[in-house]
>>> print(open('protein19.txt').read())   # compact mmCIF, C-alpha atoms
# COMPACT_ATOMS: atom_id res chain seq x y z
CA MET A 1 129.28 106.91 120.54
CA THR A 2 126.11 106.58 118.46
CA THR A 3 125.59 103.30 116.65
CA SER A 4 125.12 103.55 112.89
CA PRO A 5 121.71 102.20 111.83
CA THR A 6 123.37 99.90 109.32
CA SER A 7 125.07 98.07 112.18
CA LEU A 8 121.85 97.33 114.00
CA THR A 9 120.82 93.72 114.14
CA LEU A 10 117.32 92.39 114.26
CA PRO A 11 116.56 90.61 117.52
CA GLY A 12 115.17 87.42 116.01
CA PRO A 13 111.83 85.71 116.48
CA PRO A 14 109.77 85.54 119.65
CA ASN A 15 109.34 82.19 121.36
CA ILE A 16 107.40 80.77 118.41
CA ALA A 17 106.67 77.41 120.02
CA ARG A 18 105.16 79.06 123.07
CA THR A 19 103.29 81.64 121.00
CA LEU A 20 101.70 79.17 118.62
CA SER A 21 100.81 76.70 121.33
CA ALA A 22 98.80 79.45 122.99
CA ARG A 23 97.10 80.23 119.61
CA ARG A 24 95.68 83.45 121.00
CA THR A 25 93.28 85.17 118.62
CA GLY A 26 90.98 88.17 118.78
CA ALA A 27 91.71 91.88 119.06
CA ILE A 28 95.11 93.05 120.29
CA PRO A 29 94.75 94.30 123.88
CA GLY A 30 95.09 98.07 124.06
CA LEU A 31 94.80 98.61 120.28
CA ARG A 32 92.65 101.56 119.25
CA TYR A 33 89.97 100.53 116.75
CA ARG A 34 86.29 100.96 116.02
CA PRO A 35 83.93 98.00 115.57
CA ALA A 36 83.28 97.06 111.95
CA VAL A 37 79.91 96.74 110.30
CA PRO A 38 79.32 92.95 110.29
CA ALA A 39 79.87 91.27 106.94
CA ASP A 40 76.83 89.72 105.29
CA PRO A 41 77.86 86.03 105.04
CA GLU A 42 75.77 85.45 101.90
CA LYS A 43 77.32 88.45 100.19
CA ALA A 44 80.84 87.35 101.21
CA ALA A 45 80.18 83.83 99.93
CA GLU A 46 78.91 85.14 96.60
CA VAL A 47 81.97 87.34 96.13
CA ASP A 48 84.20 84.37 96.96
CA ARG A 49 82.35 82.26 94.40
CA ARG A 50 82.80 84.92 91.73
CA LEU A 51 86.47 85.42 92.57
CA GLU A 52 87.24 81.72 92.46
CA ALA A 53 85.52 81.36 89.09
CA TRP A 54 87.43 84.40 87.78
CA ALA A 55 90.77 83.10 89.06
CA ARG A 56 90.19 79.66 87.54
CA ALA A 57 89.11 81.11 84.19
CA LEU A 58 92.34 83.10 84.04
CA ASP A 59 94.42 80.20 85.43
CA LEU A 60 95.92 82.51 88.04
CA PHE A 61 97.22 79.87 90.43
CA PRO A 62 97.58 76.09 90.76
CA ALA A 63 95.18 73.85 92.65
CA ALA A 64 97.71 73.59 95.49
CA TRP A 65 96.93 77.20 96.39
CA GLN A 66 93.25 76.47 96.99
CA GLY A 67 93.71 76.22 100.76
CA ASP A 68 95.35 79.62 100.87
CA PHE A 69 92.58 81.12 98.76
CA THR A 70 89.93 79.75 101.08
CA GLY A 71 91.83 80.73 104.22
CA PHE A 72 92.41 84.29 103.08
CA GLN A 73 88.64 84.91 102.98
CA PHE A 74 88.73 87.47 100.15
CA GLY A 75 84.96 87.78 100.02
CA ARG A 76 84.64 88.41 103.73
CA ALA A 77 87.58 90.84 103.60
CA VAL A 78 86.01 93.14 101.00
CA ALA A 79 82.54 92.80 102.52
CA LEU A 80 83.96 94.05 105.83
CA GLN A 81 86.09 96.76 104.22
CA HIS A 82 83.36 98.17 101.95
CA PRO A 83 80.07 98.01 103.89
CA GLY A 84 78.69 100.83 101.73
CA ALA A 85 79.42 99.12 98.40
CA ALA A 86 76.87 100.14 95.78
CA ASP A 87 76.40 96.59 94.49
CA LEU A 88 77.94 93.14 94.27
CA ASP A 89 79.68 93.94 90.98
CA ARG A 90 81.64 96.76 92.59
CA LEU A 91 82.41 94.64 95.63
CA THR A 92 83.66 91.87 93.33
CA ALA A 93 85.81 94.37 91.43
CA ALA A 94 87.45 95.38 94.71
CA GLY A 95 88.00 91.69 95.48
CA LYS A 96 89.67 91.13 92.09
CA LEU A 97 92.09 93.99 92.70
CA LEU A 98 92.87 92.67 96.20
CA LEU A 99 93.40 89.15 94.85
CA ALA A 100 95.64 90.41 92.02
CA GLU A 101 97.78 92.45 94.41
CA ASN A 102 98.31 89.37 96.57
CA VAL A 103 99.17 87.18 93.56
CA VAL A 104 101.82 89.67 92.39
CA ASP A 105 103.23 90.06 95.91
CA SER A 106 103.40 86.30 96.50
CA CYS A 107 104.83 85.36 93.11
CA TYR A 108 107.21 88.27 92.58
CA CYS A 109 108.29 89.53 96.01
CA GLU A 110 107.97 87.01 98.86
CA GLU A 111 110.93 84.62 98.90
CA ASP A 112 109.72 82.73 101.98
CA GLU A 113 106.42 81.69 100.34
CA GLY A 114 108.15 79.33 97.88
CA ARG A 115 106.24 80.61 94.84
CA GLY A 116 109.10 82.05 92.83
CA GLY A 117 109.41 85.41 94.56
CA ALA A 118 112.91 86.87 94.86
CA ARG A 119 114.51 90.16 95.81
CA THR A 120 117.05 89.90 93.02
CA GLY A 121 115.69 91.29 89.78
CA LEU A 122 112.47 92.46 91.41
CA GLY A 123 112.52 95.82 89.66
CA GLY A 124 112.40 94.18 86.23
CA ARG A 125 109.38 92.10 87.20
CA LEU A 126 107.54 95.03 88.77
CA ILE A 127 108.00 97.35 85.80
CA LEU A 128 106.32 94.73 83.62
CA ALA A 129 103.61 94.35 86.27
CA GLN A 130 103.05 98.11 86.19
CA SER A 131 102.62 97.90 82.41
CA ALA A 132 99.77 95.42 82.92
CA LEU A 133 97.92 98.39 84.45
CA ASP A 134 99.53 101.26 82.55
CA PRO A 135 99.79 99.76 79.06
CA TYR A 136 102.67 99.99 76.61
CA HIS A 137 102.12 102.22 73.55
CA GLY A 138 104.31 101.91 70.48
CA VAL A 139 104.50 100.30 67.07
CA PRO A 140 101.81 97.65 66.45
CA GLU A 141 104.08 94.60 66.28
CA LEU A 142 105.76 95.46 69.61
CA GLU A 143 102.42 96.19 71.22
CA GLU A 144 101.34 92.69 70.19
CA GLU A 145 104.49 91.21 71.75
CA TRP A 146 103.67 93.12 74.94
CA ARG A 147 100.12 91.71 74.91
CA GLU A 148 101.49 88.20 74.46
CA GLY A 149 103.79 88.76 77.42
CA MET A 150 100.87 89.90 79.55
CA ARG A 151 98.81 86.83 78.60
CA ALA A 152 101.68 84.43 79.33
CA ASP A 153 102.05 85.18 83.05
CA GLY A 154 99.48 84.65 85.82
CA PRO A 155 100.34 87.70 87.98
CA LEU A 156 100.31 89.95 84.90
CA ARG A 157 96.97 88.52 83.80
CA SER A 158 95.55 89.11 87.27
CA TYR A 159 96.56 92.78 87.24
CA HIS A 160 95.43 93.41 83.67
CA PHE A 161 91.97 91.87 83.93
CA ALA A 162 91.29 93.09 87.47
CA LEU A 163 91.92 96.67 86.37
CA LYS A 164 89.84 96.17 83.22
CA ASP A 165 86.85 95.11 85.29
CA PHE A 166 87.37 97.96 87.76
CA ALA A 167 87.66 100.52 84.95
CA ASP A 168 84.28 99.40 83.60
CA LEU A 169 82.70 100.58 86.87
CA ALA A 170 84.91 103.52 87.86
CA THR A 171 85.56 106.89 86.26
CA PRO A 172 88.78 107.47 84.28
CA SER A 173 90.22 109.61 87.08
CA GLN A 174 89.46 106.93 89.69
CA THR A 175 91.12 104.33 87.49
CA ASP A 176 94.17 106.53 86.98
CA ARG A 177 94.30 107.14 90.74
CA PHE A 178 94.51 103.41 91.32
CA VAL A 179 97.26 102.97 88.71
CA HIS A 180 99.38 105.62 90.42
CA ASP A 181 98.78 104.10 93.85
CA ILE A 182 100.00 100.72 92.58
CA ALA A 183 103.19 102.45 91.39
CA ARG A 184 103.61 103.73 94.96
CA LEU A 185 103.12 100.19 96.21
CA HIS A 186 105.76 98.86 93.82
CA LEU A 187 108.21 101.51 95.02
CA GLY A 188 107.67 100.28 98.56
CA TYR A 189 108.26 96.67 97.48
CA LEU A 190 111.57 97.72 95.91
CA ALA A 191 112.73 99.60 99.00
CA GLU A 192 112.01 96.63 101.27
CA ALA A 193 113.80 94.28 98.86
CA ALA A 194 116.81 96.59 98.61
CA TRP A 195 117.16 96.74 102.39
CA ALA A 196 116.95 92.98 102.61
CA GLU A 197 119.61 92.54 99.92
CA THR A 198 122.01 94.96 101.60
CA ARG A 199 121.04 93.86 105.14
CA TYR A 200 120.26 97.45 106.00
CA ALA A 201 118.47 97.87 109.32
CA PRO A 202 116.34 101.01 108.98
CA ARG A 203 115.60 103.58 111.64
CA VAL A 204 112.00 103.55 112.83
CA TRP A 205 111.08 106.63 110.80
CA GLU A 206 112.73 105.16 107.70
CA TYR A 207 110.78 101.93 108.08
CA LEU A 208 107.50 103.82 108.45
CA VAL A 209 108.27 105.87 105.33
CA MET A 210 108.76 102.62 103.42
CA ARG A 211 105.48 101.26 104.78
CA GLN A 212 103.64 104.41 103.72
CA PHE A 213 104.36 103.23 100.17
CA ASN A 214 104.29 99.47 100.77
CA ASN A 215 100.81 99.46 102.23
CA PHE A 216 97.08 99.14 101.54
CA ARG A 217 96.63 102.49 99.83
CA PRO A 218 95.43 101.03 96.48
CA CYS A 219 92.59 99.39 98.42
CA LEU A 220 91.60 102.45 100.46
CA SER A 221 91.74 105.02 97.69
CA ILE A 222 89.00 103.22 95.73
CA VAL A 223 86.38 103.51 98.49
CA ASP A 224 84.41 106.14 96.59
CA ALA A 225 84.37 104.08 93.39
CA VAL A 226 83.18 100.97 95.25
CA ASP A 227 80.50 102.98 97.01
CA GLY A 228 79.23 104.29 93.67
CA TYR A 229 80.30 107.96 93.60
CA GLU A 230 83.42 110.01 92.91
CA LEU A 231 85.38 112.36 95.13
CA PRO A 232 86.46 114.81 92.38
CA GLU A 233 90.15 114.88 91.58
CA PRO A 234 90.65 118.54 92.64
CA VAL A 235 89.22 117.65 96.06
CA TYR A 236 91.04 114.33 96.35
CA ALA A 237 94.36 116.04 95.53
CA ARG A 238 94.08 118.57 98.37
CA PRO A 239 96.90 118.12 100.92
CA GLU A 240 94.53 117.67 103.83
CA ILE A 241 92.63 114.91 101.98
CA GLN A 242 95.90 113.26 101.07
CA ARG A 243 96.92 113.41 104.72
CA ILE A 244 93.86 111.66 106.12
CA THR A 245 94.17 109.07 103.34
CA ALA A 246 97.81 108.46 104.28
CA LEU A 247 97.01 108.30 108.01
CA ALA A 248 94.29 105.71 107.39
CA CYS A 249 96.62 103.66 105.20
CA ASN A 250 99.46 103.85 107.73
CA ALA A 251 97.21 102.77 110.59
CA THR A 252 95.98 99.72 108.65
CA THR A 253 99.54 98.81 107.67
CA ILE A 254 100.73 98.79 111.27
CA VAL A 255 97.69 96.65 112.12
CA ASN A 256 98.97 94.18 109.54
CA ASP A 257 102.46 94.27 111.08
CA LEU A 258 101.05 93.54 114.51
CA TYR A 259 98.67 90.73 113.57
CA SER A 260 101.07 89.02 111.14
CA PHE A 261 104.03 89.31 113.56
CA THR A 262 104.25 85.67 114.67
CA LYS A 263 103.33 84.32 111.21
CA GLU A 264 106.11 86.27 109.50
CA LEU A 265 108.81 85.57 112.05
CA ALA A 266 107.99 81.87 112.19
CA SER A 267 108.86 81.58 108.49
CA ASP A 268 111.61 84.24 108.36
CA PRO A 269 113.22 85.45 111.63
CA THR A 270 114.75 88.46 109.82
CA HIS A 271 111.49 89.67 108.27
CA LEU A 272 111.07 93.42 108.69
CA ASN A 273 108.08 94.57 110.67
CA LEU A 274 107.57 97.47 113.05
CA PRO A 275 108.24 95.61 116.34
CA GLN A 276 111.46 94.16 114.91
CA VAL A 277 112.64 97.61 113.82
CA VAL A 278 111.73 99.23 117.15
CA ALA A 279 113.54 96.48 119.05
CA ALA A 280 116.68 96.87 116.93
CA ASN A 281 116.78 100.64 117.28
CA GLU A 282 115.94 100.86 120.96
CA ARG A 283 117.92 97.78 122.01
CA CYS A 284 114.90 96.36 123.78
CA GLY A 285 113.09 93.05 123.81
CA LEU A 286 110.40 92.17 121.31
CA LYS A 287 107.62 92.37 123.87
CA ALA A 288 108.47 95.96 124.76
CA ALA A 289 108.91 96.78 121.07
CA TYR A 290 105.57 95.21 120.19
CA LEU A 291 103.73 97.19 122.86
CA GLU A 292 105.44 100.39 121.71
CA SER A 293 104.33 99.61 118.16
CA VAL A 294 100.74 99.36 119.42
CA GLU A 295 101.15 102.86 120.86
CA ILE A 296 102.54 104.21 117.56
CA HIS A 297 99.49 102.79 115.80
CA ASN A 298 97.16 104.34 118.36
CA ARG A 299 98.65 107.80 117.91
CA ILE A 300 98.32 107.57 114.12
CA MET A 301 94.77 106.28 114.46
CA THR A 302 93.87 109.15 116.80
CA ALA A 303 95.27 111.68 114.32
CA PHE A 304 93.21 110.11 111.52
CA GLU A 305 90.00 110.22 113.55
CA GLU A 306 90.48 113.79 114.78
CA GLU A 307 91.53 115.26 111.44
CA SER A 308 88.84 113.36 109.55
CA ALA A 309 86.20 114.76 111.88
CA LEU A 310 87.36 118.32 111.24
CA LEU A 311 87.41 117.86 107.48
CA SER A 312 84.06 116.08 107.44
CA ALA A 313 82.43 119.19 108.89
CA THR A 314 83.46 121.18 105.79
CA SER A 315 81.67 119.14 103.11
CA PRO A 316 79.14 116.29 102.90
CA LEU A 317 81.17 114.74 100.07
CA VAL A 318 84.39 114.85 102.08
CA ALA A 319 82.48 113.41 105.04
CA ARG A 320 81.31 110.52 102.87
CA TYR A 321 84.86 109.81 101.70
CA ALA A 322 86.25 110.01 105.25
CA GLU A 323 83.50 107.65 106.41
CA GLY A 324 84.49 105.21 103.66
CA LEU A 325 88.13 105.34 104.78
CA ALA A 326 87.11 104.75 108.39
CA ALA A 327 84.91 101.81 107.39
CA TRP A 328 87.81 100.25 105.48
CA VAL A 329 90.11 100.68 108.48
CA SER A 330 87.54 99.08 110.80
CA GLY A 331 86.75 96.24 108.42
CA ASN A 332 90.41 95.51 107.83
CA HIS A 333 91.02 95.31 111.58
CA GLU A 334 88.07 92.95 112.03
CA TRP A 335 89.36 90.71 109.24
CA HIS A 336 92.80 90.49 110.85
CA ALA A 337 91.47 89.99 114.38
CA THR A 338 89.15 87.14 113.39
CA ASN A 339 91.17 85.32 110.70
CA SER A 340 92.54 82.49 112.82
CA HIS A 341 93.67 80.62 109.68
CA ARG A 342 96.38 83.24 109.14
CA TYR A 343 97.05 85.09 112.39
CA HIS A 344 97.77 84.42 116.05
CA LEU A 345 98.96 86.91 118.62
CA PRO A 346 102.21 86.70 120.57
CA ASP A 347 101.91 85.75 124.23
CA TYR A 348 102.68 89.25 125.54
CA TRP A 349 99.75 89.88 127.91
>>> encode(input="protein19.txt", output="structure tokens")
Amino acid sequence: MTTSPTSLTLPGPPNIARTLSARRTGAIPGLRYRPAVPADPEKAAEVDRRLEAWARALDLFPAAWQGDFTGFQFGRAVALQHPGAADLDRLTAAGKLLLAENVVDSCYCEEDEGRGGARTGLGGRLILAQSALDPYHGVPELEEEWREGMRADGPLRSYHFALKDFADLATPSQTDRFVHDIARLHLGYLAEAAWAETRYAPRVWEYLVMRQFNNFRPCLSIVDAVDGYELPEPVYARPEIQRITALACNATTIVNDLYSFTKELASDPTHLNLPQVVAANERCGLKAAYLESVEIHNRIMTAFEEESALLSATSPLVARYAEGLAAWVSGNHEWHATNSHRYHLPDYW
């Protein structure tokens, strides 16, 4: 008799005390990745300075969050992810978008962070967040009420002004691309929240579908804008370009699942991540599930590298875009593997 996926139970956290006492950091053994271009520390520090000044001017978060801001290393993150950035203004614009996405996620979605996030009513908050990027159009007095609503809330301000600064540097089609990718992200947030509310334990393929939406795509799909050129919309929309973009995004998302594994389960033993879902579906221990998740990542990463290489041979412009995706993937891995403030590996080797 086959067990219904809704009856699956998550296996619970690893031995957190043992894991954190070991405090193992560095790259995950056996994980497929390419070394990142080292981040210029002066450039990273300047982006951090600009982001902190921007966040304070907009009153995006209270002083109590300062430690989290510093520990996240936003400047170093975008410097690693965009080594080909055309200038500091574009790198800072990418940092503002990254910061805004994290503010919205923390304040609207994440219950365990204690910042007001909740699964209940999430759709209502996210539709207003989407309007901070995709503005309301109507009669003047209601438009003014909408603008007042945007100004009154920190996460909405972060979205609105981050996109405004990005749009000043990007083309209209690149800006519209980002707006649509944020809508994809919001759809992923809603799916994860719905499963948590109903205590639905997804199959592995269902979880990975959700994570294809709830992932880093808004960050990766701006690589051409940050690097100072545009992959034309008719080229970007081609299925094969969409596929390598999705593969890159999915690989980076699994990297996040793997590096944040102990952090998430220490605060919420039922938090969905790939090893938890594999363990529940295959009725195996978390160590075996974690190592299988590494293998899933490696297969996706291999597909991205092989298919990107084939496409890159067809066009210098496509090659440049694929190189930008690969650089983001490498930089994102480096940021995870070296950010000991946020991440420590389980004791599985």
>>> residues_near_point(input="protein19.txt", point="(111.7, 102.4, 93.0)", cutoff="12 Å", atoms="all atoms listed in the file", output="mmCIF file with C-alpha atoms, in the frame of the given file")
data_model
loop_
_atom_site.group_PDB
_atom_site.id
_atom_site.type_symbol
_atom_site.label_atom_id
_atom_site.label_comp_id
_atom_site.auth_asym_id
_atom_site.auth_seq_id
_atom_site.Cartn_x
_atom_site.Cartn_y
_atom_site.Cartn_z
ATOM 1 C CA LEU A 122 112.470 92.460 91.410
ATOM 2 C CA GLY A 123 112.520 95.820 89.660
ATOM 3 C CA GLY A 124 112.400 94.180 86.230
ATOM 4 C CA LEU A 126 107.540 95.030 88.770
ATOM 5 C CA ILE A 127 108.000 97.350 85.800
ATOM 6 C CA GLN A 130 103.050 98.110 86.190
ATOM 7 C CA ILE A 182 100.000 100.720 92.580
ATOM 8 C CA ALA A 183 103.190 102.450 91.390
ATOM 9 C CA ARG A 184 103.610 103.730 94.960
ATOM 10 C CA LEU A 185 103.120 100.190 96.210
ATOM 11 C CA HIS A 186 105.760 98.860 93.820
ATOM 12 C CA LEU A 187 108.210 101.510 95.020
ATOM 13 C CA GLY A 188 107.670 100.280 98.560
ATOM 14 C CA TYR A 189 108.260 96.670 97.480
ATOM 15 C CA LEU A 190 111.570 97.720 95.910
ATOM 16 C CA ALA A 191 112.730 99.600 99.000
ATOM 17 C CA GLU A 192 112.010 96.630 101.270
ATOM 18 C CA ALA A 193 113.800 94.280 98.860
ATOM 19 C CA ALA A 194 116.810 96.590 98.610
ATOM 20 C CA MET A 210 108.760 102.620 103.420
ATOM 21 C CA PHE A 213 104.360 103.230 100.170
ATOM 22 C CA ASN A 214 104.290 99.470 100.770
#
>>> atom_distance(input="protein19.txt", atom1="atom CA of His344 of chain A", atom2="atom CA of Thr270 of chain A")
18.5 Å
>>> closest_residue(input="protein19.txt", among="A:Thr314, A:Ser131, A:Gln212, A:Asn102", to="Met150 of chain A", atoms="only C-alpha atoms")
A:Ser131
>>> closest_residue(input="protein19.txt", among="A:Val223, A:Leu286, A:Ala64, A:Val179", to="Leu265 of chain A", atoms="all atoms listed in the file")
A:Leu286
>>> atom_distance(input="protein19.txt", atom1="atom CA of Val255 of chain A", atom2="atom CA of His333 of chain A")
6.8 Å
>>> atom_distance(input="protein19.txt", atom1="atom CA of Gly149 of chain A", atom2="atom CA of Val103 of chain A")
16.9 Å
>>> closest_residue(input="protein19.txt", among="A:Pro202, A:Gly138, A:Pro41, A:Gly30", to="Leu80 of chain A", atoms="only C-alpha atoms")
A:Pro41
>>> closest_residue(input="protein19.txt", among="A:Asn298, A:Ser308, A:Thr253, A:Gln242", to="Tyr207 of chain A", atoms="all atoms listed in the file")
A:Thr253
>>> residues_around(input="protein19.txt", residues="Asn281 of chain A", least_positions_apart="2", cutoff="7 Å", atoms="all atoms listed in the file", output="number ranges by chain")
A: 8, 203, 277-279, 283
>>> residues_near_point(input="protein19.txt", point="(90.1, 91.8, 114.6)", cutoff="10 Å", atoms="all atoms listed in the file", output="JSON, numbers by chain")
{"A": [25, 26, 27, 28, 33, 35, 36, 255, 259, 330, 331, 332, 333, 334, 335, 336, 337, 338, 339, 340, 343]}
>>> write_last_selection(input="protein19.txt", atoms="C-alpha atoms", output="PDB file, in the coordinates of the input")
ATOM      1  CA  THR A  25      93.280  85.170 118.620  1.00  0.00           C
ATOM      2  CA  GLY A  26      90.980  88.170 118.780  1.00  0.00           C
ATOM      3  CA  ALA A  27      91.710  91.880 119.060  1.00  0.00           C
ATOM      4  CA  ILE A  28      95.110  93.050 120.290  1.00  0.00           C
ATOM      5  CA  TYR A  33      89.970 100.530 116.750  1.00  0.00           C
ATOM      6  CA  PRO A  35      83.930  98.000 115.570  1.00  0.00           C
ATOM      7  CA  ALA A  36      83.280  97.060 111.950  1.00  0.00           C
ATOM      8  CA  VAL A 255      97.690  96.650 112.120  1.00  0.00           C
ATOM      9  CA  TYR A 259      98.670  90.730 113.570  1.00  0.00           C
ATOM     10  CA  SER A 330      87.540  99.080 110.800  1.00  0.00           C
ATOM     11  CA  GLY A 331      86.750  96.240 108.420  1.00  0.00           C
ATOM     12  CA  ASN A 332      90.410  95.510 107.830  1.00  0.00           C
ATOM     13  CA  HIS A 333      91.020  95.310 111.580  1.00  0.00           C
ATOM     14  CA  GLU A 334      88.070  92.950 112.030  1.00  0.00           C
ATOM     15  CA  TRP A 335      89.360  90.710 109.240  1.00  0.00           C
ATOM     16  CA  HIS A 336      92.800  90.490 110.850  1.00  0.00           C
ATOM     17  CA  ALA A 337      91.470  89.990 114.380  1.00  0.00           C
ATOM     18  CA  THR A 338      89.150  87.140 113.390  1.00  0.00           C
ATOM     19  CA  ASN A 339      91.170  85.320 110.700  1.00  0.00           C
ATOM     20  CA  SER A 340      92.540  82.490 112.820  1.00  0.00           C
ATOM     21  CA  TYR A 343      97.050  85.090 112.390  1.00  0.00           C
TER      22      TYR A 343
END
>>> residues_around(input="protein19.txt", residues="Ala225 of chain A", least_positions_apart="5", cutoff="12 Å", atoms="only C-alpha atoms", output="MDAnalysis selection string")
chainID A and resid 82 84:87 89:91 93:94 166:178 218:220 230:232 320:321 324
>>> closest_residue(input="protein19.txt", among="A:Leu97, A:Ala152, A:Leu311, A:Val139", to="Ile241 of chain A", atoms="only C-alpha atoms")
A:Leu311
>>> closest_residue(input="protein19.txt", among="A:Leu128, A:Phe304, A:Gln81, A:Leu60", to="Ser106 of chain A", atoms="all atoms listed in the file")
A:Leu60
>>> decode(input="protein19.txt", residues="segment 59-66 of chain A", atoms="all heavy atoms", output="mmCIF file, in the first residue's frame")
data_model
loop_
_atom_site.group_PDB
_atom_site.id
_atom_site.type_symbol
_atom_site.label_atom_id
_atom_site.label_comp_id
_atom_site.auth_asym_id
_atom_site.auth_seq_id
_atom_site.Cartn_x
_atom_site.Cartn_y
_atom_site.Cartn_z
ATOM 1 N N ASP A 59 14.257 54.519 6.587
ATOM 2 C CA ASP A 59 13.771 53.945 7.846
ATOM 3 C C ASP A 59 13.201 52.543 7.600
ATOM 4 O O ASP A 59 12.078 52.224 7.979
ATOM 5 C CB ASP A 59 12.699 54.843 8.467
ATOM 6 C CG ASP A 59 12.374 54.454 9.912
ATOM 7 O OD1 ASP A 59 13.221 53.818 10.561
ATOM 8 O OD2 ASP A 59 11.253 54.767 10.372
ATOM 9 N N LEU A 60 14.034 51.694 6.990
ATOM 10 C CA LEU A 60 13.563 50.373 6.598
ATOM 11 C C LEU A 60 13.521 49.376 7.742
ATOM 12 O O LEU A 60 12.740 48.436 7.718
ATOM 13 C CB LEU A 60 14.451 49.813 5.472
ATOM 14 C CG LEU A 60 14.419 50.588 4.156
ATOM 15 C CD1 LEU A 60 15.235 49.863 3.107
ATOM 16 C CD2 LEU A 60 12.987 50.796 3.666
ATOM 17 N N PHE A 61 14.395 49.543 8.735
ATOM 18 C CA PHE A 61 14.374 48.600 9.849
ATOM 19 C C PHE A 61 14.947 49.249 11.101
ATOM 20 O O PHE A 61 15.719 50.199 11.027
ATOM 21 C CB PHE A 61 15.136 47.312 9.520
ATOM 22 C CG PHE A 61 16.477 47.500 8.885
ATOM 23 C CD1 PHE A 61 17.571 47.913 9.620
ATOM 24 C CD2 PHE A 61 16.661 47.234 7.530
ATOM 25 C CE1 PHE A 61 18.809 48.068 9.045
ATOM 26 C CE2 PHE A 61 17.904 47.388 6.940
ATOM 27 C CZ PHE A 61 18.978 47.799 7.698
ATOM 28 N N PRO A 62 14.561 48.739 12.271
ATOM 29 C CA PRO A 62 15.016 49.327 13.534
ATOM 30 C C PRO A 62 16.489 49.051 13.806
ATOM 31 O O PRO A 62 17.104 48.178 13.183
ATOM 32 C CB PRO A 62 14.126 48.646 14.578
ATOM 33 C CG PRO A 62 13.736 47.349 13.950
ATOM 34 C CD PRO A 62 13.613 47.625 12.482
ATOM 35 N N ALA A 63 17.025 49.791 14.761
ATOM 36 C CA ALA A 63 18.451 49.650 15.106
ATOM 37 C C ALA A 63 18.784 48.240 15.562
ATOM 38 O O ALA A 63 19.913 47.765 15.387
ATOM 39 C CB ALA A 63 18.818 50.653 16.195
ATOM 40 N N ALA A 64 17.803 47.532 16.126
ATOM 41 C CA ALA A 64 18.049 46.176 16.618
ATOM 42 C C ALA A 64 18.433 45.215 15.502
ATOM 43 O O ALA A 64 19.008 44.152 15.749
ATOM 44 C CB ALA A 64 16.798 45.648 17.333
ATOM 45 N N TRP A 65 18.126 45.574 14.261
ATOM 46 C CA TRP A 65 18.466 44.709 13.136
ATOM 47 C C TRP A 65 19.889 44.925 12.636
ATOM 48 O O TRP A 65 20.342 44.236 11.729
ATOM 49 C CB TRP A 65 17.513 44.978 11.978
ATOM 50 C CG TRP A 65 16.123 44.474 12.173
ATOM 51 C CD1 TRP A 65 15.455 44.285 13.343
ATOM 52 C CD2 TRP A 65 15.210 44.114 11.135
ATOM 53 N NE1 TRP A 65 14.183 43.843 13.101
ATOM 54 C CE2 TRP A 65 13.998 43.723 11.769
ATOM 55 C CE3 TRP A 65 15.293 44.091 9.748
ATOM 56 C CZ2 TRP A 65 12.881 43.314 11.039
ATOM 57 C CZ3 TRP A 65 14.185 43.685 9.033
ATOM 58 C CH2 TRP A 65 12.996 43.298 9.663
ATOM 59 N N GLN A 66 20.609 45.878 13.207
ATOM 60 C CA GLN A 66 21.910 46.244 12.676
ATOM 61 C C GLN A 66 22.863 45.053 12.614
ATOM 62 O O GLN A 66 23.619 44.892 11.658
ATOM 63 C CB GLN A 66 22.528 47.355 13.522
ATOM 64 C CG GLN A 66 23.896 47.830 13.036
ATOM 65 C CD GLN A 66 23.854 48.365 11.620
ATOM 66 O OE1 GLN A 66 22.875 48.979 11.217
ATOM 67 N NE2 GLN A 66 24.918 48.132 10.864
#
